[in-house]
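my_file-v3.tsv (TSV, C-alpha atoms (C1' of nucleotides) and all ligand atoms)
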```tsv
chain	number	residue	atom	x	y	z
E	207	MET	CA	108.66	112.21	93.11
E	208	PHE	CA	111.25	109.44	93.30
E	209	SER	CA	111.20	106.70	95.92
E	210	LYS	CA	113.78	106.70	98.69
E	211	ALA	CA	115.35	103.67	97.05
E	212	CYS	CA	115.71	105.65	93.84
E	213	GLU	CA	117.16	108.70	95.60
E	214	TYR	CA	119.76	106.54	97.31
E	215	GLY	CA	120.42	104.65	94.10
E	216	ILE	CA	121.04	107.81	92.09
E	217	LYS	CA	123.37	109.30	94.69
E	218	ALA	CA	125.26	106.04	95.09
E	219	THR	CA	125.70	105.62	91.35
E	220	ILE	CA	127.03	109.15	90.97
E	221	TYR	CA	129.50	108.57	93.78
E	222	ILE	CA	130.67	105.29	92.28
E	223	ALA	CA	131.10	107.03	88.94
E	224	VAL	CA	133.34	109.70	90.42
E	225	LYS	CA	135.59	107.04	91.91
E	226	SER	CA	135.50	104.90	88.80
E	227	MET	CA	136.78	107.82	86.75
E	228	ARG	CA	139.90	107.54	88.93
E	229	GLN	CA	140.04	103.77	88.45
E	230	GLU	CA	139.03	103.25	92.07
E	231	ARG	CA	136.63	100.66	93.42
E	232	VAL	CA	134.50	101.69	96.37
E	233	SER	CA	132.96	99.66	99.18
E	234	LEU	CA	129.34	99.58	100.28
E	235	LYS	CA	130.33	101.06	103.61
E	236	GLU	CA	132.05	104.05	102.05
E	237	ILE	CA	129.18	104.64	99.65
E	238	ALA	CA	126.58	104.64	102.40
E	239	GLU	CA	128.67	107.10	104.39
E	240	GLU	CA	129.22	109.48	101.51
E	241	VAL	CA	125.63	109.30	100.37
E	242	ASN	CA	124.14	109.43	103.85
E	243	SER	CA	122.00	106.35	103.35
E	244	PRO	CA	121.27	103.29	105.51
E	245	VAL	CA	123.97	100.68	104.81
E	246	ALA	CA	121.87	97.51	104.50
E	247	PHE	CA	119.16	99.19	102.46
E	248	THR	CA	121.79	100.66	100.16
E	249	ALA	CA	123.22	97.16	99.75
E	250	LYS	CA	119.91	95.94	98.35
E	251	ILE	CA	119.68	98.80	95.91
E	252	LEU	CA	123.25	98.34	94.69
E	253	GLN	CA	122.57	94.64	94.31
E	254	SER	CA	119.67	95.37	92.01
E	255	LEU	CA	121.62	97.99	90.08
E	256	ALA	CA	124.33	95.37	89.57
E	257	LYS	CA	121.75	92.90	88.24
E	258	SER	CA	120.49	95.60	85.89
E	259	GLY	CA	124.00	95.90	84.54
E	260	ILE	CA	124.40	99.54	85.51
E	261	ILE	CA	127.18	98.93	88.03
E	262	ASP	CA	129.68	96.11	88.56
E	263	SER	CA	130.21	94.40	91.91
E	264	HIS	CA	133.14	92.37	93.18
E	265	LYS	CA	133.35	90.28	96.34
E	266	GLY	CA	136.27	89.73	98.65
E	267	PRO	CA	139.09	91.97	99.88
E	268	THR	CA	139.71	94.87	97.48
E	269	GLY	CA	136.15	94.18	96.33
E	270	GLY	CA	133.43	96.76	95.99
E	271	PHE	CA	131.50	98.56	93.30
E	272	GLN	CA	132.60	100.30	90.15
E	273	ILE	CA	131.34	101.36	86.73
E	274	GLU	CA	132.99	100.58	83.43
E	275	GLU	CA	134.50	103.89	82.43
E	276	ALA	CA	133.19	103.76	78.88
E	277	LYS	CA	129.68	103.38	80.26
E	278	ILE	CA	129.73	106.47	82.44
E	279	ASP	CA	129.07	108.64	79.44
E	280	THR	CA	126.29	106.51	78.01
E	281	ILE	CA	124.38	105.81	81.22
E	282	LYS	CA	121.59	108.34	81.63
E	283	LEU	CA	119.68	109.32	84.73
E	284	HIS	CA	116.70	107.75	83.01
E	285	ASP	CA	118.37	104.32	83.11
E	286	ILE	CA	118.90	104.50	86.87
E	287	VAL	CA	115.37	105.70	87.65
E	288	HIS	CA	113.89	103.11	85.32
E	289	ALA	CA	115.94	100.30	86.88
E	290	ILE	CA	114.74	101.15	90.39
E	291	ASP	CA	111.29	102.75	90.10
E	292	GLY	CA	110.17	101.21	86.82
E	293	ASP	CA	108.29	103.11	84.16
E	294	LYS	CA	105.22	104.16	86.10
E	295	ILE	CA	106.52	107.70	86.41
E	296	PHE	CA	107.04	107.89	82.63
E	297	VAL	CA	103.78	106.40	81.40
E	298	GLY	CA	101.39	106.36	84.36
E	299	CYS	CA	98.24	108.48	84.64
E	300	GLY	CA	98.52	111.52	86.90
E	301	LEU	CA	95.27	110.60	88.62
E	302	GLY	CA	96.01	106.89	88.92
E	303	LEU	CA	93.78	105.48	86.17
E	304	GLU	CA	94.97	101.99	85.23
E	305	GLN	CA	96.57	103.38	82.14
E	306	CYS	CA	97.05	106.80	80.63
E	307	ASP	CA	95.13	106.86	77.37
E	308	ALA	CA	94.67	109.96	75.24
E	309	ASN	CA	91.45	108.53	73.86
E	310	GLN	CA	89.93	108.22	77.33
E	311	PRO	CA	91.83	110.98	79.12
E	312	CYS	CA	91.46	111.87	82.78
E	313	PRO	CA	90.78	115.54	83.60
E	314	VAL	CA	94.44	116.43	84.01
E	315	HIS	CA	95.75	114.41	81.06
E	316	ASP	CA	96.48	117.27	78.65
E	317	LYS	CA	98.20	119.32	81.33
E	318	PHE	CA	100.01	116.36	82.84
E	319	VAL	CA	101.55	114.66	79.83
E	320	GLY	CA	103.60	117.75	79.09
E	321	ILE	CA	105.18	117.79	82.51
E	322	ARG	CA	105.68	114.04	82.48
E	323	ASN	CA	107.41	114.31	79.13
E	324	ASN	CA	109.61	117.20	80.28
E	325	LEU	CA	110.77	114.95	83.08
E	326	LYS	CA	111.39	112.03	80.77
E	327	VAL	CA	113.37	114.11	78.30
E	328	MET	CA	115.40	115.65	81.08
E	329	LEU	CA	116.26	112.24	82.53
E	330	GLN	CA	117.11	110.87	79.09
E	331	ASN	CA	119.40	113.78	78.32
E	332	THR	CA	121.23	113.83	81.62
E	333	SER	CA	124.33	111.65	81.60
E	334	LEU	CA	125.95	110.08	84.58
E	335	TYR	CA	129.15	111.70	83.35
E	336	GLU	CA	127.97	115.26	83.82
E	337	LEU	CA	126.47	114.49	87.23
E	338	ALA	CA	129.69	112.85	88.37
E	339	THR	CA	131.83	115.68	87.02
E	340	GLY	CA	129.81	118.30	88.85
E	341	LEU	CA	130.27	116.38	92.07
E	342	ASP	CA	133.96	115.78	91.42
E	343	ILE	CA	134.81	119.44	90.96
E	344	GLY	CA	132.88	120.36	94.10
E	345	LEU	CA	130.04	122.10	92.33
E	346	THR	CA	127.40	119.79	93.78
E	347	HIS	CA	126.90	117.77	96.95
E	348	LEU	CA	125.43	114.43	98.01
E	349	LYS	CA	124.69	115.26	101.63
E	350	ARG	CA	124.31	118.26	103.88
I	266	MET	CA	104.00	111.63	91.59
I	267	PHE	CA	100.94	112.31	93.74
I	268	SER	CA	99.87	110.14	96.67
I	269	LYS	CA	96.80	107.93	96.35
I	270	ALA	CA	95.06	110.27	98.81
I	271	CYS	CA	95.81	113.17	96.50
I	272	GLU	CA	94.64	111.33	93.39
I	273	TYR	CA	91.35	110.45	95.07
I	274	GLY	CA	91.06	113.98	96.47
I	275	ILE	CA	91.50	115.61	93.08
I	276	LYS	CA	89.02	113.33	91.36
I	277	ALA	CA	86.47	113.76	94.15
I	278	THR	CA	86.80	117.54	94.11
I	279	ILE	CA	86.29	117.68	90.36
I	280	TYR	CA	83.20	115.51	90.64
I	281	ILE	CA	81.77	117.64	93.44
I	282	ALA	CA	82.44	120.74	91.34
I	283	VAL	CA	80.49	119.38	88.38
I	284	LYS	CA	77.49	118.72	90.61
I	285	SER	CA	77.84	122.02	92.44
I	286	MET	CA	77.64	123.86	89.12
I	287	ARG	CA	74.13	122.39	88.93
I	288	GLN	CA	73.36	123.39	92.52
I	289	GLU	CA	73.43	119.76	93.57
I	290	ARG	CA	74.92	118.34	96.72
I	291	VAL	CA	76.51	114.93	96.47
I	292	SER	CA	76.98	112.16	99.03
I	293	LEU	CA	80.19	110.40	100.01
I	294	LYS	CA	78.79	107.16	98.66
I	295	GLU	CA	78.06	108.61	95.26
I	296	ILE	CA	81.44	110.30	95.07
I	297	ALA	CA	83.34	107.12	95.90
I	298	GLU	CA	81.40	105.25	93.25
I	299	GLU	CA	81.95	107.83	90.52
I	300	VAL	CA	85.58	108.26	91.39
I	301	ASN	CA	86.29	104.58	91.91
I	302	SER	CA	87.85	105.07	95.33
I	303	PRO	CA	87.48	103.24	98.67
I	304	VAL	CA	84.56	104.80	100.54
I	305	ALA	CA	86.00	105.11	104.04
I	306	PHE	CA	89.37	106.34	102.82
I	307	THR	CA	87.66	108.89	100.62
I	308	ALA	CA	85.68	110.06	103.66
I	309	LYS	CA	88.92	110.94	105.44
I	310	ILE	CA	90.22	112.87	102.48
I	311	LEU	CA	86.98	114.81	102.03
I	312	GLN	CA	86.98	115.55	105.73
I	313	SER	CA	90.41	117.12	105.45
I	314	LEU	CA	89.47	119.03	102.30
I	315	ALA	CA	86.48	120.39	104.20
I	316	LYS	CA	88.76	121.53	107.03
I	317	SER	CA	91.02	123.18	104.48
I	318	GLY	CA	88.00	125.14	103.30
I	319	ILE	CA	88.12	123.79	99.77
I	320	ILE	CA	84.81	121.98	99.97
I	321	ASP	CA	81.75	122.34	102.21
I	322	SER	CA	80.16	119.42	104.06
I	323	HIS	CA	76.68	119.04	105.51
I	324	LYS	CA	75.38	116.30	107.79
I	325	GLY	CA	72.00	114.68	107.91
I	326	PRO	CA	69.45	113.76	105.27
I	327	THR	CA	69.95	115.80	102.08
I	328	GLY	CA	73.47	116.31	103.38
I	329	GLY	CA	76.64	115.75	101.45
I	330	PHE	CA	79.45	117.75	99.88
I	331	GLN	CA	79.42	120.78	97.65
I	332	ILE	CA	81.58	123.71	96.60
I	333	GLU	CA	80.59	127.34	96.67
I	334	GLU	CA	79.99	128.17	93.04
I	335	ALA	CA	82.01	131.37	93.13
I	336	LYS	CA	85.00	129.39	94.38
I	337	ILE	CA	85.06	126.86	91.57
I	338	ASP	CA	86.76	129.36	89.34
I	339	THR	CA	89.33	130.51	91.89
I	340	ILE	CA	90.31	127.10	93.29
I	341	LYS	CA	93.37	125.81	91.48
I	342	LEU	CA	94.73	122.29	91.24
I	343	HIS	CA	97.63	123.60	93.25
I	344	ASP	CA	95.35	124.30	96.22
I	345	ILE	CA	94.06	120.73	96.28
I	346	VAL	CA	97.47	119.12	95.97
I	347	HIS	CA	98.90	121.45	98.59
I	348	ALA	CA	96.06	120.71	101.01
I	349	ILE	CA	96.61	116.96	100.77
I	350	ASP	CA	100.27	116.35	99.96
I	351	GLY	CA	101.75	119.53	101.40
I	352	ASP	CA	104.53	121.48	99.71
I	353	LYS	CA	107.26	118.84	99.53
I	354	ILE	CA	106.60	118.31	95.84
I	355	PHE	CA	106.99	122.04	95.21
I	356	VAL	CA	110.08	122.82	97.26
I	357	GLY	CA	111.71	119.46	98.09
I	358	CYS	CA	115.07	118.28	96.76
I	359	GLY	CA	114.91	115.73	93.96
I	360	LEU	CA	117.46	113.55	95.73
I	361	GLY	CA	115.97	113.93	99.19
I	362	LEU	CA	118.41	116.36	100.80
I	363	GLU	CA	116.80	117.96	103.86
I	364	GLN	CA	116.20	121.09	101.85
I	365	CYS	CA	116.75	122.19	98.30
I	366	ASP	CA	119.33	124.96	98.34
I	367	ALA	CA	120.82	126.52	95.23
I	368	ASN	CA	123.95	127.41	97.20
I	369	GLN	CA	124.58	123.80	98.14
I	370	PRO	CA	122.91	122.06	95.23
I	371	CYS	CA	122.62	118.31	94.78
I	372	PRO	CA	123.81	116.89	91.44
I	373	VAL	CA	120.38	117.08	89.82
I	374	HIS	CA	119.40	120.47	91.22
I	375	ASP	CA	119.78	122.57	88.06
I	376	LYS	CA	117.95	120.04	85.94
I	377	PHE	CA	115.30	119.32	88.55
I	378	VAL	CA	114.16	122.78	89.59
I	379	GLY	CA	112.98	123.47	86.05
I	380	ILE	CA	110.72	120.44	86.01
I	381	ARG	CA	109.51	121.11	89.52
I	382	ASN	CA	108.65	124.65	88.57
I	383	ASN	CA	106.87	123.58	85.40
I	384	LEU	CA	104.70	121.39	87.56
I	385	LYS	CA	104.03	124.15	90.05
I	386	VAL	CA	103.09	126.66	87.38
I	387	MET	CA	100.84	124.15	85.68
I	388	LEU	CA	99.05	123.37	88.94
I	389	GLN	CA	98.71	127.06	89.76
I	390	ASN	CA	97.26	127.85	86.36
I	391	THR	CA	94.80	124.99	86.21
I	392	SER	CA	91.41	125.92	87.66
I	393	LEU	CA	88.91	123.54	89.11
I	394	TYR	CA	86.43	125.15	86.71
I	395	GLU	CA	88.16	123.98	83.56
I	396	LEU	CA	88.69	120.48	84.93
I	397	ALA	CA	85.03	120.22	85.94
I	398	THR	CA	83.85	121.58	82.60
I	399	GLY	CA	85.90	119.04	80.67
I	400	LEU	CA	84.35	116.26	82.72
I	401	ASP	CA	80.86	117.68	82.44
I	402	ILE	CA	80.87	117.81	78.66
I	403	GLY	CA	82.21	114.25	78.48
I	404	LEU	CA	85.64	115.19	77.25
I	405	THR	CA	87.40	113.56	80.20
I	406	HIS	CA	86.80	110.66	82.57
I	407	LEU	CA	87.30	109.80	86.23
I	408	LYS	CA	87.36	106.04	85.92
I	409	ARG	CA	87.78	103.37	83.30
M	56	DT	C1'	145.48	76.45	103.19
M	57	DT	C1'	143.81	79.61	106.32
M	58	DT	C1'	142.05	83.95	107.33
M	59	DA	C1'	140.06	88.32	106.67
M	60	DT	C1'	137.17	91.05	103.88
M	61	DT	C1'	133.44	92.11	101.00
M	62	DT	C1'	129.07	91.41	98.42
M	63	DA	C1'	124.69	88.19	97.93
M	64	DG	C1'	120.50	86.89	99.59
M	65	DG	C1'	116.93	85.51	102.69
M	66	DA	C1'	114.31	86.48	106.85
M	67	DT	C1'	112.55	89.82	109.71
M	68	DA	C1'	111.27	94.37	111.67
M	69	DA	C1'	109.83	99.27	111.70
M	70	DT	C1'	107.49	102.92	109.53
M	71	DT	C1'	104.40	105.07	106.43
M	72	DT	C1'	100.61	104.87	103.53
M	73	DT	C1'	96.44	103.05	102.42
M	74	DG	C1'	92.24	101.28	103.81
M	75	DT	C1'	88.33	99.59	107.26
M	76	DC	C1'	85.05	99.67	111.17
M	77	DC	C1'	82.06	101.58	114.28
M	78	DG	C1'	79.84	104.68	117.40
M	79	DA	C1'	78.93	109.75	118.00
M	80	DA	C1'	77.06	114.00	116.39
M	81	DA	C1'	74.26	116.64	113.43
M	82	DT	C1'	70.13	117.39	111.03
M	83	DA	C1'	66.17	116.94	107.98
M	84	DA	C1'	61.82	114.74	107.51
M	85	DA	C1'	58.05	112.01	109.21
X	23	DT	C1'	59.63	113.80	119.29
X	24	DT	C1'	61.16	110.02	116.84
X	25	DT	C1'	63.49	108.13	113.08
X	26	DA	C1'	66.37	107.83	109.22
X	27	DT	C1'	70.27	109.65	106.94
X	28	DT	C1'	74.67	111.60	106.52
X	29	DT	C1'	79.25	113.31	107.92
X	30	DC	C1'	82.84	113.26	111.90
X	31	DG	C1'	86.37	111.24	114.39
X	32	DG	C1'	88.85	107.82	116.68
X	33	DA	C1'	90.63	103.17	116.78
X	34	DC	C1'	92.16	99.57	114.20
X	35	DA	C1'	93.98	96.65	110.17
X	36	DA	C1'	96.32	95.65	105.83
X	37	DA	C1'	99.70	96.60	102.50
X	38	DA	C1'	103.69	98.81	100.75
X	39	DT	C1'	107.95	100.92	101.58
X	40	DT	C1'	111.95	101.50	104.13
X	41	DA	C1'	115.32	99.52	106.98
X	42	DT	C1'	117.95	95.84	109.77
X	43	DC	C1'	120.19	91.37	110.79
X	44	DC	C1'	122.50	87.33	109.92
X	45	DT	C1'	124.56	83.58	107.31
X	46	DA	C1'	126.45	82.11	102.90
X	47	DA	C1'	129.44	82.67	99.04
X	48	DA	C1'	133.28	84.60	96.79
X	49	DT	C1'	137.89	86.01	96.74
X	50	DA	C1'	142.28	88.28	97.74
X	51	DA	C1'	146.13	88.19	100.77
X	52	DA	C1'	148.83	86.19	104.41
D	1	LIG	S1	94.86	109.64	81.42
D	1	LIG	FE1	95.46	110.61	83.24
D	1	LIG	S2	97.34	111.48	82.64
D	1	LIG	FE2	96.73	110.52	80.81
D	2	LIG	S1	119.29	120.59	96.08
D	2	LIG	FE1	118.49	118.81	95.15
D	2	LIG	S2	117.00	119.63	93.86
D	2	LIG	FE2	117.78	121.44	94.76
```

Could you render the structure from this file as structure tokens?
Amino acid sequence: MFSKACEYGIKATIYIAVKSMRQERVSLKEIAEEVNSPVAFTAKILQSLAKSGIIDSHKGPTGGFQIEEAKIDTIKLHDIVHAIDGDKIFVGCGLGLEQCDANQPCPVHDKFVGIRNNLKVMLQNTSLYELATGLDIGLTHLKR
Amino acid sequence: MFSKACEYGIKATIYIAVKSMRQERVSLKEIAEEVNSPVAFTAKILQSLAKSGIIDSHKGPTGGFQIEEAKIDTIKLHDIVHAIDGDKIFVGCGLGLEQCDANQPCPVHDKFVGIRNNLKVMLQNTSLYELATGLDIGLTHLKR
DNA sequence: TTTATTTAGGATAATTTTGTCCGAAATAAA
DNA sequence: TTTATTTCGGACAAAATTATCCTAAATAAA
């Protein structure tokens, strides 16, 4: 469904959000540990999320990653997925035709667009805030 | 969403079904052309679909692939996807945890299982027959 | 100013997925 | 029986994704 990069990116962002809600910055090393992801690969993903403006990064001692608290409520899961995996999952054809077109539909088009839209709506309606809160109160988990 | 192998496999199976409804066998070469897929790669996929019992294969002149007509109605999209991509898409965790477990849910679990189940139900309820019929009457297309 | 710490970024490697090549086996027709 | 045709199956290659390594740049603290 999502790429590994996207899975790591989502988990990392949620973890950063939890810490940011306590006004704490968090280092790459800590993130990778808590999210159970390869450190250097996670670094790349965070770098790109920082360029996308979803997270903030700071170099040097006391450096690390954080998210503007006001943003935590407005950032949606959709934004993270879109930043990492692009929009193929939202607009692409289920059978890989160059583009999904209702006027020249593939055999699964009618059945597929519904599912694809469910996913899109879900991701658009899910805020980073609620994901982070669930993790913070111990309702959900980032590793096993 | 689906792997390339799965996309090719679905399209190929639908095409074979259309021909089988006319009691015609169809060659690998013809399938790959009509489905717009790489010939040799498609051969591998068809080989595995044949082993899974979804399609029948015959060697030699007049050989090719076909599907038992009685089966066309009972084969569901789910069967094809499962044969090629396995069950990860149906039971796997949206964030890549080793296993999806409602007792130790990841942050997206509650939101994700709904989508995942929508997809599963859709695939289980979609018969090869209806997909093949739509293609046969020119309502849908396998390439662009 | 020096040092220690942390992210940035480029090069490289490993793994998985996608795709190719070719000879063997089967089989129908000549 | 010979030949032509078609799938089977194994080895191999290319491309994409995932992952590592190392040096540079920034920056906070000593
Ligand atoms: S054309 Fe294939 S999903 Fe729309
Ligand atoms: S635990 Fe992640 S989707 Fe169920």

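One finds atom CA of Gly266 of chain E at 6.2 Å from atom C1' of DA48 of chain X.
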
Kindly assemble as a tab-separated table a list of the chain E residues that lie within 6 Å of chain X, each paired with its nearest atom pair and their distance in Å to one decimal, using only C-alpha atoms (C1' of nucleotides), sorted first by chain and then by ascending residue number.
```
residue	atom	partner	partner_atom	distance
E:Phe247	CA	X:DA41	C1'	5.9
E:Lys265	CA	X:DA48	C1'	5.7
E:Gly266	CA	X:DT49	C1'	4.5
E:Pro267	CA	X:DA50	C1'	5.3
```

Across M:DC76, M:DA59, M:DA68, M:DA81, the smallest distance to chain I, with only C-alpha atoms (C1' of nucleotides) counted, is shown by M:DA81

Shortest contact to chain E, candidates I:His323, I:Lys316, I:Lys284, I:Lys276, atoms counted all atoms listed in the file, goes to I:Lys276

Given a cut-off of 6 Å, what residues near ligand LIG 1 (chain D) show up using only C-alpha atoms (C1' of nucleotides) and all ligand atoms, put as a list of chain:residue names?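 The residues near ligand LIG 1 (chain D) are E:Cys299, E:Gly300, E:Leu301, E:Cys306, E:Asp307, E:Ala308, E:Pro311, E:Cys312, E:Val314, E:His315, E:Phe318, E:Val319.
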
| task | Between I:Ile310, I:Val304, I:Pro372, I:Ala348, single out the one closest to Thr219 of chain E, counting all atoms listed in the file. | result |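 Looking at the shortest contact to Thr219 of chain E, the residue is I:Pro372.
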
Distance-based interface of chain M with chain I, 7 Å, counting all atoms listed in the file, as a compact mmCIF listing (two decimals) with C-alpha atoms (C1' of nucleotides), in the coordinates of the input:
```txt
# COMPACT_ATOMS: atom_id res chain seq x y z
C1' DG M 74 92.24 101.28 103.81
C1' DT M 75 88.33 99.59 107.26
C1' DA M 81 74.26 116.64 113.43
C1' DT M 82 70.13 117.39 111.03
C1' DA M 83 66.17 116.94 107.98
```

Counting only C-alpha atoms, chain E residues within 8 Å of chain I, as a ChimeraX atom specification: /E:207-208,210,213-214,216-217,295,300-304,310-314,317,321,324-325,328,337-338,340-341,345-350

> For the atom pair atom CA of Met286 of chain I and atom CA of Glu299 of chain I, what is the interatomic distance in Å to one decimal place?
Replying inline: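 These two atoms are separated by 16.7 Å.
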